[in-house]
>>> print(open('my_file-v2.cif').read())   # mmCIF, C-alpha atoms
data_my_file
loop_
_atom_site.label_atom_id
_atom_site.label_comp_id
_atom_site.auth_asym_id
_atom_site.auth_seq_id
_atom_site.Cartn_x
_atom_site.Cartn_y
_atom_site.Cartn_z
CA MET A 1 -5.49 7.67 -29.13
CA ARG A 2 -8.61 6.04 -27.73
CA GLU A 3 -8.40 2.37 -26.92
CA ALA A 4 -10.38 0.00 -29.11
CA GLU A 5 -13.76 -0.90 -27.64
CA SER A 6 -15.81 -4.03 -28.13
CA VAL A 7 -18.19 -3.57 -31.05
CA SER A 8 -20.36 -6.64 -30.59
CA ASP A 9 -21.76 -8.50 -27.61
CA GLU A 10 -21.32 -11.69 -29.63
CA THR A 11 -17.52 -11.33 -29.47
CA PHE A 12 -17.43 -10.12 -25.85
CA ALA A 13 -14.82 -11.90 -23.76
CA PRO A 14 -14.89 -10.65 -20.15
CA ARG A 15 -11.48 -9.43 -19.01
CA ALA A 16 -10.20 -6.99 -16.41
CA PRO A 17 -10.04 -3.46 -17.90
CA THR A 18 -6.72 -2.24 -19.29
CA GLY A 19 -4.43 -1.13 -16.49
CA THR A 20 -6.15 -3.24 -13.82
CA HIS A 21 -5.50 -6.75 -12.60
CA ASP A 22 -7.08 -9.51 -10.55
CA VAL A 23 -5.29 -10.66 -7.40
CA LEU A 24 -5.85 -14.37 -6.82
CA PRO A 25 -4.43 -16.93 -4.39
CA PRO A 26 -1.61 -17.50 -3.61
CA GLU A 27 -0.64 -13.92 -4.57
CA SER A 28 -3.52 -12.56 -2.49
CA TRP A 29 -2.00 -14.25 0.57
CA ARG A 30 1.07 -12.04 0.13
CA TRP A 31 -1.19 -8.98 0.02
CA GLN A 32 -2.93 -10.14 3.17
CA ARG A 33 0.37 -10.54 5.02
CA PHE A 34 1.50 -7.13 3.77
CA ILE A 35 -1.64 -5.36 4.98
CA ASP A 36 -1.70 -7.25 8.29
CA ALA A 37 1.92 -6.24 8.97
CA PHE A 38 1.13 -2.60 8.23
CA ALA A 39 -1.97 -2.65 10.44
CA ARG A 40 0.04 -4.05 13.36
CA ARG A 41 2.75 -1.42 13.01
CA ALA A 42 0.28 1.44 12.62
CA ASP A 43 -1.55 0.27 15.74
CA THR A 44 1.74 0.29 17.66
CA PHE A 45 2.13 3.97 16.78
CA GLY A 46 -1.43 4.79 17.88
CA PHE A 47 -3.09 5.04 14.45
CA GLY A 48 -6.67 3.87 13.88
CA MET A 49 -8.08 2.64 10.58
CA VAL A 50 -10.19 5.04 8.52
CA HIS A 51 -12.17 3.90 5.49
CA THR A 52 -13.47 6.50 3.03
CA PRO A 53 -15.45 6.21 -0.24
CA ILE A 54 -13.49 5.48 -3.41
CA PHE A 55 -15.18 8.43 -5.09
CA GLU A 56 -15.47 11.99 -3.83
CA ASP A 57 -16.72 15.37 -4.94
CA ALA A 58 -14.15 16.23 -7.63
CA ARG A 59 -13.42 19.54 -5.87
CA VAL A 60 -11.72 17.62 -3.05
CA PHE A 61 -8.92 16.68 -5.43
CA ARG A 62 -8.95 19.84 -7.54
CA ARG A 63 -8.38 21.95 -4.43
CA GLY A 64 -6.08 19.56 -2.62
CA ILE A 65 -3.85 18.25 -5.40
CA GLY A 66 -4.09 21.31 -7.66
CA ALA A 67 -6.47 21.98 -10.53
CA ASP A 68 -3.57 22.51 -12.96
CA SER A 69 -1.65 19.41 -11.89
CA GLU A 70 -1.06 16.54 -14.29
CA VAL A 71 -2.93 14.17 -11.95
CA VAL A 72 -6.12 16.26 -11.98
CA GLY A 73 -5.83 17.50 -15.54
CA LYS A 74 -4.87 14.27 -17.31
CA GLU A 75 -5.11 11.26 -15.03
CA MET A 76 -8.11 11.63 -12.73
CA TYR A 77 -11.22 9.60 -13.49
CA GLU A 78 -13.92 12.27 -13.32
CA PHE A 79 -17.61 11.83 -14.13
CA GLU A 80 -21.08 13.26 -13.61
CA ASP A 81 -23.48 11.01 -11.73
CA ARG A 82 -27.20 10.68 -12.40
CA GLY A 83 -27.92 13.48 -9.98
CA GLY A 84 -25.68 15.89 -11.87
CA ARG A 85 -22.92 15.86 -9.27
CA GLN A 86 -19.30 16.07 -10.50
CA LEU A 87 -17.44 13.17 -8.86
CA ALA A 88 -14.00 11.63 -9.19
CA LEU A 89 -12.43 8.29 -8.33
CA ARG A 90 -9.77 8.76 -5.70
CA PRO A 91 -6.34 9.32 -7.36
CA GLU A 92 -4.46 9.27 -4.02
CA GLY A 93 -5.13 8.68 -0.34
CA THR A 94 -4.43 11.87 1.60
CA ALA A 95 -7.10 14.26 0.30
CA SER A 96 -9.94 11.85 1.15
CA ILE A 97 -8.69 11.35 4.71
CA VAL A 98 -8.39 15.11 5.18
CA ARG A 99 -11.90 15.59 3.78
CA ALA A 100 -13.15 13.11 6.40
CA PHE A 101 -11.32 15.11 9.07
CA VAL A 102 -12.90 18.36 7.90
CA GLN A 103 -16.37 16.76 7.84
CA HIS A 104 -16.28 14.95 11.18
CA ARG A 105 -13.91 17.19 13.16
CA PRO A 106 -12.36 14.55 15.44
CA SER A 107 -10.24 15.80 18.31
CA THR A 108 -6.57 16.32 17.59
CA PRO A 109 -3.98 14.94 17.42
CA TRP A 110 -5.76 12.59 15.00
CA ARG A 111 -3.91 9.57 13.67
CA ALA A 112 -5.44 7.59 10.83
CA TRP A 113 -4.20 4.70 8.72
CA TYR A 114 -5.81 3.34 5.58
CA VAL A 115 -5.61 0.74 2.85
CA THR A 116 -7.21 1.76 -0.41
CA PRO A 117 -7.32 1.46 -4.18
CA SER A 118 -6.40 4.60 -6.12
CA PHE A 119 -7.20 5.36 -9.75
CA ARG A 120 -5.21 7.17 -12.41
CA TYR A 121 -5.59 7.09 -16.16
CA GLU A 122 -1.94 6.67 -17.09
CA ARG A 123 0.24 4.29 -19.03
CA PRO A 124 0.40 1.04 -17.06
CA GLN A 125 3.90 0.11 -15.94
CA ALA A 126 5.62 -2.28 -13.58
CA GLY A 127 3.99 -2.02 -10.17
CA ARG A 128 1.81 0.90 -11.27
CA PHE A 129 -1.66 0.27 -12.63
CA ARG A 130 -4.67 2.44 -13.43
CA GLN A 131 -6.15 0.91 -10.31
CA HIS A 132 -3.31 0.56 -7.86
CA HIS A 133 -3.37 0.04 -4.12
CA GLN A 134 -1.61 1.56 -1.17
CA VAL A 135 -1.40 1.64 2.58
CA GLY A 136 -0.71 4.88 4.38
CA VAL A 137 -1.07 7.04 7.46
CA GLU A 138 -2.05 10.65 8.15
CA ALA A 139 -1.28 12.50 11.41
CA LEU A 140 -3.22 15.75 11.89
CA GLY A 141 -2.98 18.41 14.56
CA SER A 142 0.71 18.97 15.32
CA GLN A 143 3.58 20.95 13.79
CA ASP A 144 6.13 19.26 16.04
CA PRO A 145 9.04 17.90 13.94
CA ASP A 146 9.07 14.88 16.24
CA VAL A 147 5.78 13.87 14.60
CA ASP A 148 7.59 13.94 11.24
CA VAL A 149 10.26 11.67 12.71
CA GLU A 150 7.67 9.24 14.07
CA VAL A 151 5.76 9.05 10.77
CA ILE A 152 8.95 8.47 8.78
CA SER A 153 10.16 5.85 11.26
CA LEU A 154 6.80 4.07 11.06
CA ALA A 155 7.25 3.69 7.31
CA TRP A 156 10.95 2.85 7.56
CA GLY A 157 10.42 0.16 10.17
CA PHE A 158 7.53 -1.32 8.20
CA LEU A 159 9.58 -1.63 5.01
CA SER A 160 12.65 -2.99 6.78
CA GLY A 161 10.43 -5.35 8.76
CA LEU A 162 9.23 -6.85 5.49
CA GLY A 163 12.83 -7.73 4.73
CA LEU A 164 13.73 -4.91 2.33
CA ARG A 165 17.40 -3.95 2.58
CA GLN A 166 17.96 -2.06 -0.68
CA VAL A 167 15.67 0.84 0.16
CA SER A 168 16.94 4.38 0.63
CA LEU A 169 15.16 7.22 2.43
CA GLN A 170 15.35 10.48 0.43
CA LEU A 171 14.68 13.62 2.48
CA ASN A 172 14.09 17.31 1.71
CA SER A 173 12.18 20.39 2.88
CA MET A 174 9.85 22.35 0.59
CA GLY A 175 9.68 25.34 2.90
CA CYS A 176 6.44 27.15 3.63
CA ALA A 177 4.21 29.91 2.28
CA VAL A 178 6.63 32.49 3.69
CA CYS A 179 9.90 31.31 2.16
CA ARG A 180 8.96 29.09 -0.78
CA PRO A 181 7.80 31.93 -3.11
CA THR A 182 11.35 33.33 -3.15
CA TYR A 183 12.72 29.97 -4.26
CA VAL A 184 9.95 29.40 -6.81
CA GLU A 185 10.69 32.82 -8.32
CA ALA A 186 14.39 32.03 -8.67
CA LEU A 187 13.67 28.58 -10.11
CA GLY A 188 11.11 30.00 -12.53
CA ALA A 189 13.59 32.60 -13.80
CA MET A 190 16.14 29.88 -14.50
CA LEU A 191 13.56 27.70 -16.27
CA ALA A 192 12.49 30.64 -18.44
CA ARG A 193 16.04 30.84 -19.76
CA ARG A 194 16.06 27.11 -20.49
CA ALA A 195 12.48 26.49 -21.56
CA SER A 196 13.50 25.12 -24.96
CA ALA A 197 15.59 22.43 -23.25
CA LEU A 198 12.71 21.09 -21.16
CA CYS A 199 10.44 18.20 -22.14
CA ASP A 200 7.44 19.03 -24.32
CA GLU A 201 5.04 19.18 -21.40
CA HIS A 202 7.10 21.45 -19.15
CA SER A 203 8.50 23.71 -21.86
CA ALA A 204 4.94 24.99 -22.28
CA ARG A 205 3.74 24.78 -18.67
CA TYR A 206 6.75 25.32 -16.41
CA ALA A 207 5.53 28.77 -15.31
CA ALA A 208 2.32 27.36 -13.77
CA ASN A 209 4.35 25.51 -11.14
CA PRO A 210 8.14 25.49 -11.58
CA LEU A 211 8.54 22.94 -8.77
CA ARG A 212 6.90 20.26 -10.89
CA VAL A 213 9.81 20.43 -13.33
CA LEU A 214 12.11 19.14 -10.56
CA ASP A 215 9.74 16.20 -10.11
CA CYS A 216 9.86 15.32 -13.83
CA LYS A 217 11.57 11.99 -14.58
CA LYS A 218 12.31 12.78 -18.25
CA ALA A 219 15.95 13.15 -19.27
CA GLN A 220 15.51 16.63 -20.76
CA CYS A 221 14.16 18.15 -17.55
CA ILE A 222 16.69 16.34 -15.37
CA ALA A 223 19.59 17.66 -17.47
CA ALA A 224 18.19 21.19 -17.72
CA THR A 225 17.77 21.48 -13.94
CA GLU A 226 20.94 19.69 -12.86
CA ASP A 227 22.44 22.95 -11.52
CA ALA A 228 19.13 24.43 -10.36
CA PRO A 229 19.20 26.47 -7.15
CA LYS A 230 18.65 24.43 -3.99
CA ILE A 231 15.56 25.13 -1.92
CA ALA A 232 17.57 24.72 1.29
CA SER A 233 19.27 28.06 0.63
CA SER A 234 15.87 29.82 0.64
CA LEU A 235 14.37 28.35 3.81
CA CYS A 236 13.24 30.77 6.49
CA ASP A 237 14.59 30.33 10.02
CA GLU A 238 11.53 28.38 11.21
CA CYS A 239 11.62 25.96 8.28
CA ALA A 240 15.38 25.50 8.58
CA GLN A 241 15.07 24.74 12.31
CA HIS A 242 12.20 22.33 11.64
CA HIS A 243 14.27 20.47 9.06
CA GLU A 244 17.30 20.29 11.35
CA ARG A 245 15.11 18.80 14.11
CA VAL A 246 13.79 16.16 11.72
CA GLU A 247 17.33 15.25 10.63
CA SER A 248 18.66 15.07 14.19
CA GLY A 249 15.65 13.03 15.28
CA LEU A 250 16.18 10.48 12.52
CA ASP A 251 19.86 10.30 13.42
CA GLU A 252 19.02 9.65 17.06
CA ILE A 253 16.77 6.68 16.31
CA GLY A 254 19.10 5.23 13.68
CA VAL A 255 17.10 5.91 10.51
CA ALA A 256 19.58 6.65 7.72
CA PHE A 257 18.62 9.20 5.08
CA VAL A 258 20.01 10.97 2.02
CA GLU A 259 19.44 14.69 1.45
CA ASN A 260 17.81 15.11 -1.97
CA PRO A 261 17.29 18.78 -2.92
CA ARG A 262 15.31 17.74 -6.02
CA LEU A 263 12.67 15.93 -3.97
CA VAL A 264 9.56 18.13 -4.17
CA ARG A 265 6.83 15.49 -4.67
CA GLY A 266 4.05 16.10 -7.16
CA PHE A 267 1.16 17.65 -5.24
CA ASP A 268 0.49 21.29 -4.35
CA TYR A 269 -0.33 20.58 -0.72
CA TYR A 270 3.18 19.65 0.48
CA THR A 271 5.07 21.96 2.87
CA ARG A 272 8.32 21.55 4.75
CA THR A 273 9.26 17.88 5.21
CA THR A 274 9.07 15.71 2.09
CA PHE A 275 10.41 12.17 1.86
CA GLU A 276 10.48 9.20 -0.45
CA PHE A 277 11.58 5.58 -0.21
CA THR A 278 13.37 4.31 -3.31
CA SER A 279 14.52 0.78 -4.08
CA SER A 280 17.80 0.14 -5.86
CA ALA A 281 16.50 -3.36 -6.59
CA LEU A 282 13.96 -1.87 -9.02
CA GLU A 283 15.18 -0.76 -12.42
CA GLY A 284 14.51 2.57 -14.08
CA ALA A 285 13.14 5.87 -12.84
CA GLN A 286 10.00 4.29 -11.36
CA ASN A 287 11.77 2.92 -8.30
CA ALA A 288 9.81 4.64 -5.53
CA VAL A 289 7.94 2.27 -3.23
CA GLY A 290 6.39 5.03 -1.16
CA GLY A 291 6.67 8.54 0.12
CA GLY A 292 4.92 11.50 1.67
CA GLY A 293 5.42 14.70 3.55
CA ARG A 294 3.95 17.52 5.58
CA TYR A 295 0.87 19.41 4.33
CA ASP A 296 0.16 22.16 6.84
CA GLY A 297 -2.32 24.02 4.61
CA LEU A 298 -4.39 21.19 3.14
CA VAL A 299 -7.14 21.19 5.78
CA GLU A 300 -7.72 24.90 5.12
CA MET A 301 -7.81 24.27 1.35
CA LEU A 302 -10.71 21.88 1.95
CA GLY A 303 -12.62 24.30 4.15
CA GLY A 304 -11.46 23.25 7.61
CA PRO A 305 -9.67 25.14 10.38
CA ALA A 306 -5.92 25.66 10.22
CA THR A 307 -4.58 22.20 11.09
CA PRO A 308 -1.08 20.93 10.32
CA GLY A 309 -0.62 17.39 9.04
CA ILE A 310 1.85 14.87 7.71
CA GLY A 311 1.50 11.44 6.14
CA PHE A 312 2.76 8.92 3.61
CA GLY A 313 1.60 6.18 1.27
CA VAL A 314 3.29 2.92 0.27
CA GLY A 315 2.28 1.23 -2.97
CA ILE A 316 1.41 -2.41 -2.41
CA GLU A 317 2.19 -3.59 -5.95
CA ARG A 318 5.48 -1.66 -6.10
CA ALA A 319 6.62 -2.82 -2.65
CA LEU A 320 5.88 -6.46 -3.52
CA LEU A 321 7.96 -6.03 -6.70
CA ALA A 322 10.83 -4.77 -4.54
CA LEU A 323 10.47 -7.76 -2.22
CA ASP A 324 10.60 -10.10 -5.22
CA ALA A 325 13.62 -8.26 -6.64
CA GLU A 326 15.48 -8.74 -3.37
CA GLY A 327 14.32 -12.34 -3.09
CA VAL A 328 12.86 -11.91 0.38
CA ALA A 329 9.13 -12.30 -0.26
CA PRO A 330 7.34 -15.44 0.96
CA GLN A 331 5.87 -17.10 -2.10
CA LEU A 332 3.25 -19.52 -0.79
CA PRO A 333 0.75 -19.55 2.06
CA PRO A 334 1.35 -22.11 4.82
CA ALA A 335 0.00 -25.58 4.19
CA PRO A 336 -2.99 -26.85 6.17
CA VAL A 337 -2.20 -28.67 9.39
CA ALA A 338 -4.43 -31.54 8.37
CA PHE A 339 -6.57 -32.80 5.49
CA VAL A 340 -9.75 -34.70 6.34
CA VAL A 341 -10.41 -37.68 4.07
CA ASP A 342 -14.12 -38.48 4.26
CA LEU A 343 -15.37 -41.89 3.08
CA THR A 344 -18.80 -41.61 4.75
CA ASP A 345 -21.80 -39.31 4.56
CA GLY A 346 -19.87 -36.25 5.78
CA GLU A 347 -21.31 -35.90 9.29
CA PRO A 348 -18.16 -36.88 11.26
CA ALA A 349 -15.99 -34.92 8.82
CA ARG A 350 -18.06 -31.79 9.39
CA ARG A 351 -17.60 -32.13 13.14
CA VAL A 352 -13.83 -32.74 12.95
CA VAL A 353 -13.23 -29.84 10.57
CA ALA A 354 -15.40 -27.44 12.57
CA GLU A 355 -13.85 -28.23 15.95
CA LEU A 356 -10.26 -28.06 14.72
CA ARG A 357 -10.86 -24.79 12.88
CA GLU A 358 -12.37 -23.28 16.01
CA LEU A 359 -9.00 -23.97 17.66
CA GLY A 360 -7.39 -21.78 14.99
CA LEU A 361 -5.93 -24.65 12.99
CA LYS A 362 -5.93 -24.57 9.19
CA VAL A 363 -7.78 -27.69 8.05
CA GLU A 364 -9.02 -28.71 4.61
CA ARG A 365 -11.19 -31.59 3.43
CA ALA A 366 -12.57 -33.25 0.31
CA TYR A 367 -16.16 -33.09 -0.90
CA ASP A 368 -18.53 -34.79 -3.35
CA GLY A 369 -17.93 -38.37 -2.18
CA ARG A 370 -14.68 -38.81 -4.10
CA SER A 371 -12.71 -42.05 -3.90
CA MET A 372 -10.08 -42.78 -1.27
CA LYS A 373 -7.34 -42.60 -3.91
CA SER A 374 -8.55 -39.26 -5.22
CA GLN A 375 -8.84 -37.76 -1.73
CA MET A 376 -5.37 -38.96 -0.70
CA LYS A 377 -3.93 -37.32 -3.82
CA ALA A 378 -5.70 -34.11 -2.87
CA ALA A 379 -4.34 -34.40 0.69
CA ASP A 380 -0.80 -34.77 -0.65
CA ARG A 381 -1.17 -31.81 -3.04
CA SER A 382 -2.45 -29.61 -0.20
CA GLY A 383 0.89 -29.93 1.58
CA ALA A 384 -0.74 -31.07 4.79
CA ALA A 385 1.42 -33.06 7.18
CA VAL A 386 -1.46 -35.25 8.35
CA ALA A 387 -4.42 -37.02 6.76
CA LEU A 388 -7.38 -37.60 9.08
CA ILE A 389 -9.23 -40.56 7.59
CA ILE A 390 -12.88 -41.21 8.42
CA GLY A 391 -14.30 -44.44 7.03
CA ALA A 392 -17.31 -46.50 8.03
CA GLN A 393 -15.60 -47.99 11.08
CA GLU A 394 -14.35 -44.59 12.27
CA ALA A 395 -17.80 -43.07 11.76
CA ALA A 396 -19.39 -45.82 13.85
CA THR A 397 -17.01 -45.19 16.75
CA GLN A 398 -16.75 -41.39 16.35
CA SER A 399 -13.02 -41.68 15.73
CA VAL A 400 -10.42 -40.81 13.10
CA THR A 401 -7.32 -42.57 11.75
CA ILE A 402 -4.26 -40.32 11.78
CA ARG A 403 -1.88 -40.97 8.88
CA MET A 404 1.34 -38.95 8.66
CA LEU A 405 1.97 -37.85 5.06
CA ARG A 406 5.53 -36.54 5.40
CA GLU A 407 6.98 -38.95 7.96
CA ASP A 408 7.33 -42.73 8.11
CA VAL A 409 5.28 -43.18 11.28
CA PRO A 410 2.68 -45.91 11.90
CA GLN A 411 -0.88 -44.64 11.66
CA ARG A 412 -3.09 -44.66 14.71
CA THR A 413 -6.76 -44.28 15.54
CA VAL A 414 -8.15 -41.98 18.24
CA THR A 415 -11.60 -40.72 19.12
CA ILE A 416 -12.64 -37.31 17.81
CA THR A 417 -12.80 -36.07 21.40
CA GLU A 418 -9.20 -37.23 22.01
CA LEU A 419 -8.04 -35.66 18.75
CA VAL A 420 -9.53 -32.28 19.61
CA GLN A 421 -8.20 -32.36 23.17
CA GLU A 422 -4.71 -33.24 21.92
CA ALA A 423 -4.85 -30.42 19.38
CA ARG A 424 -6.08 -27.97 22.02
CA THR A 425 -3.26 -28.91 24.37
CA THR A 426 -0.35 -29.12 21.95
CA GLY A 427 -1.48 -26.96 19.04
CA VAL A 428 -0.55 -29.71 16.58
CA ILE A 429 -1.99 -32.89 15.15
CA GLY A 430 -0.01 -36.03 14.72
#
>>> encode(input="my_file-v2.cif", output="structure tokens")
Amino acid sequence: MREAESVSDETFAPRAPTGTHDVLPPESWRWQRFIDAFARRADTFGFGMVHTPIFEDARVFRRGIGADSEVVGKEMYEFEDRGGRQLALRPEGTASIVRAFVQHRPSTPWRAWYVTPSFRYERPQAGRFRQHHQVGVEALGSQDPDVDVEVISLAWGFLSGLGLRQVSLQLNSMGCAVCRPTYVEALGAMLARRASALCDEHSARYAANPLRVLDCKKAQCIAATEDAPKIASSLCDECAQHHERVESGLDEIGVAFVENPRLVRGFDYYTRTTFEFTSSALEGAQNAVGGGGRYDGLVEMLGGPATPGIGFGVGIERALLALDAEGVAPQLPPAPVAFVVDLTDGEPARRVVAELRELGLKVERAYDGRSMKSQMKAADRSGAAVALIIGAQEAATQSVTIRMLREDVPQRTVTITELVQEARTTGVIG
């Protein structure tokens, strides 16, 4: 059913579109901390930031994700621009990064991290919007299972560094083009016998990609595939050895994991290692905060040379929900160090604020010539520990009166030069 649209400009009330949301302070401060923490960790592992357009030629996603996938077929925002080009808003992060690799051909190994909005036309749910946001990494150019271990440990350390303790790492292997067809054939034969027991979508479409039935979160498909054959029994020697190396590597660095033979992820490009981070603090089936895997054929799908790759994405909204559920997320940004109360024409206040901010101190002030009482109330609400008062006498002597707002300490007056020097030396004001 199509959503109701506004029928008259006279009744138009501007709101964010359905399935999207505005991020305002102080919530945006939590996002900033989240992204900053990810950037620091990615840099430690040798990843550089890559920024790609939010829309691409639609063929990037049709080829990479799969033209018959639910994401491309039902959820992707696709449109024709004024030049007749068929474009699509990015539904996920990996395909765009790989397209950039194919276009620019950087030397390998190539390590990229990103922060991006993604777009899917789906039913909005907790932590999952039609415009949602994620951070992620992609490592291209190596088949070494140690790269898999490093990428997984980057994500694991990031999530645990945020304070999450109720997150589990689910691990599996999807095999490769050599061994996976045998498994898909066996799985497809079983699904054919149980097609009537599958959910409406997969009972009609299971044959197109039997693996997607294992990824279905609906009760019918979960029950019908409970005793499905395990892909591990079909792995070729190379895939089995790769998976064993990943497991032993994670063991060696102390990253705990759970083998999950149902974990196949939802995109066609995955091969061998697949992984997902799930939070027991989140209720229901939508408890994944991130995940990824190896995609050794994706570069070729997009027209590039044979180049192995692996990566992951972590949903910002979903991860913040998990932090809230565990009660470990900081709720408010730090208060300013000082609040400048200006009872003059603003010139001394401008100087004080500018010089203290250049030292890296968070300083706020009042504007519009408000009264002393009003400005002191604003100073108290800001949470600042110190009010720096500039009246006529202070302006005449280029000084400030320091009044402690949270301690019973006598106020004192110092020159602006002395104030700045003290702040530069000690890093505090007071």
>>> resolve_selection(input="my_file-v2.cif", expression="the PyMOL selection byres ((chain A and resi 202) around 12)", output="ChimeraX atom specification")
/A:69-70,188,191-192,194-201,203-218,220-222,224-225
>>> atom_distance(input="my_file-v2.cif", atom1="atom CA of A:Gly391", atom2="atom CA of A:Thr425")
25.8 Å
>>> residues_around(input="my_file-v2.cif", residues="stretch 47-51 of chain A", least_positions_apart="2", cutoff="9 Å", atoms="all atoms listed in the file", output="ChimeraX atom specification")
/A:39,41-45,53,97,100,110-116,137-139
>>> write_last_selection(input="my_file-v2.cif", atoms="C-alpha atoms", output="mmCIF file, keeping the file's coordinate frame")
data_model
loop_
_atom_site.group_PDB
_atom_site.id
_atom_site.type_symbol
_atom_site.label_atom_id
_atom_site.label_comp_id
_atom_site.auth_asym_id
_atom_site.auth_seq_id
_atom_site.Cartn_x
_atom_site.Cartn_y
_atom_site.Cartn_z
ATOM 1 C CA ALA A 39 -1.970 -2.650 10.440
ATOM 2 C CA ARG A 41 2.750 -1.420 13.010
ATOM 3 C CA ALA A 42 0.280 1.440 12.620
ATOM 4 C CA ASP A 43 -1.550 0.270 15.740
ATOM 5 C CA THR A 44 1.740 0.290 17.660
ATOM 6 C CA PHE A 45 2.130 3.970 16.780
ATOM 7 C CA PRO A 53 -15.450 6.210 -0.240
ATOM 8 C CA ILE A 97 -8.690 11.350 4.710
ATOM 9 C CA ALA A 100 -13.150 13.110 6.400
ATOM 10 C CA TRP A 110 -5.760 12.590 15.000
ATOM 11 C CA ARG A 111 -3.910 9.570 13.670
ATOM 12 C CA ALA A 112 -5.440 7.590 10.830
ATOM 13 C CA TRP A 113 -4.200 4.700 8.720
ATOM 14 C CA TYR A 114 -5.810 3.340 5.580
ATOM 15 C CA VAL A 115 -5.610 0.740 2.850
ATOM 16 C CA THR A 116 -7.210 1.760 -0.410
ATOM 17 C CA VAL A 137 -1.070 7.040 7.460
ATOM 18 C CA GLU A 138 -2.050 10.650 8.150
ATOM 19 C CA ALA A 139 -1.280 12.500 11.410
#
>>> closest_residue(input="my_file-v2.cif", among="A:Gly175, A:Gly284, A:Gly83, A:Gly311", to="A:Asp237", atoms="only C-alpha atoms")
A:Gly175
>>> residues_around(input="my_file-v2.cif", residues="A:Val386", least_positions_apart="3", cutoff="7 Å", atoms="only C-alpha atoms", output="PDB file with C-alpha atoms, in the coordinates of the input")
ATOM      1  CA  VAL A 337      -2.200 -28.670   9.390  1.00  0.00           C
ATOM      2  CA  ALA A 338      -4.430 -31.540   8.370  1.00  0.00           C
ATOM      3  CA  PHE A 339      -6.570 -32.800   5.490  1.00  0.00           C
ATOM      4  CA  ILE A 402      -4.260 -40.320  11.780  1.00  0.00           C
ATOM      5  CA  ARG A 403      -1.880 -40.970   8.880  1.00  0.00           C
ATOM      6  CA  MET A 404       1.340 -38.950   8.660  1.00  0.00           C
ATOM      7  CA  LEU A 405       1.970 -37.850   5.060  1.00  0.00           C
ATOM      8  CA  GLY A 430      -0.010 -36.030  14.720  1.00  0.00           C
TER       9      GLY A 430
END
>>> residues_around(input="my_file-v2.cif", residues="A:Ala177", least_positions_apart="2", cutoff="12 Å", atoms="all atoms listed in the file", output="PDB file with C-alpha atoms, keeping the file's coordinate frame")
ATOM      1  CA  MET A 174       9.850  22.350   0.590  1.00  0.00           C
ATOM      2  CA  GLY A 175       9.680  25.340   2.900  1.00  0.00           C
ATOM      3  CA  CYS A 179       9.900  31.310   2.160  1.00  0.00           C
ATOM      4  CA  ARG A 180       8.960  29.090  -0.780  1.00  0.00           C
ATOM      5  CA  PRO A 181       7.800  31.930  -3.110  1.00  0.00           C
ATOM      6  CA  THR A 182      11.350  33.330  -3.150  1.00  0.00           C
ATOM      7  CA  TYR A 183      12.720  29.970  -4.260  1.00  0.00           C
ATOM      8  CA  VAL A 184       9.950  29.400  -6.810  1.00  0.00           C
ATOM      9  CA  SER A 234      15.870  29.820   0.640  1.00  0.00           C
ATOM     10  CA  LEU A 235      14.370  28.350   3.810  1.00  0.00           C
ATOM     11  CA  CYS A 236      13.240  30.770   6.490  1.00  0.00           C
ATOM     12  CA  GLU A 238      11.530  28.380  11.210  1.00  0.00           C
ATOM     13  CA  CYS A 239      11.620  25.960   8.280  1.00  0.00           C
ATOM     14  CA  ASP A 268       0.490  21.290  -4.350  1.00  0.00           C
ATOM     15  CA  TYR A 269      -0.330  20.580  -0.720  1.00  0.00           C
ATOM     16  CA  TYR A 270       3.180  19.650   0.480  1.00  0.00           C
ATOM     17  CA  THR A 271       5.070  21.960   2.870  1.00  0.00           C
ATOM     18  CA  ARG A 272       8.320  21.550   4.750  1.00  0.00           C
ATOM     19  CA  TYR A 295       0.870  19.410   4.330  1.00  0.00           C
ATOM     20  CA  ASP A 296       0.160  22.160   6.840  1.00  0.00           C
ATOM     21  CA  GLY A 297      -2.320  24.020   4.610  1.00  0.00           C
TER      22      GLY A 297
END
>>> residues_near_point(input="my_file-v2.cif", point="(5.9, 2.4, -10.3)", cutoff="8 Å", atoms="only C-alpha atoms", output="JSON, numbers by chain")
{"A": [125, 126, 127, 128, 286, 287, 288, 289, 318]}
>>> residues_around(input="my_file-v2.cif", residues="A:Gly369", least_positions_apart="6", cutoff="8 Å", atoms="only C-alpha atoms", output="list in words")
Asp342, Leu343, Thr344 and Asp345 of chain A
>>> atom_distance(input="my_file-v2.cif", atom1="atom CA of A:Glu326", atom2="atom CA of A:Phe257")
20.1 Å
>>> resolve_selection(input="my_file-v2.cif", expression="the PyMOL selection byres ((chain A and resi 142) around 8)", output="ChimeraX atom specification")
/A:109,139-141,143-144,147,307-309
>>> resolve_selection(input="my_file-v2.cif", expression="the PyMOL selection byres ((chain A and resi 424) around 12)", output="list in words")
Glu355, Leu356, Arg357, Glu358, Leu359, Gly360, Leu361, Thr417, Glu418, Leu419, Val420, Gln421, Glu422, Ala423, Thr425, Thr426, Gly427, Val428 and Ile429 of chain A
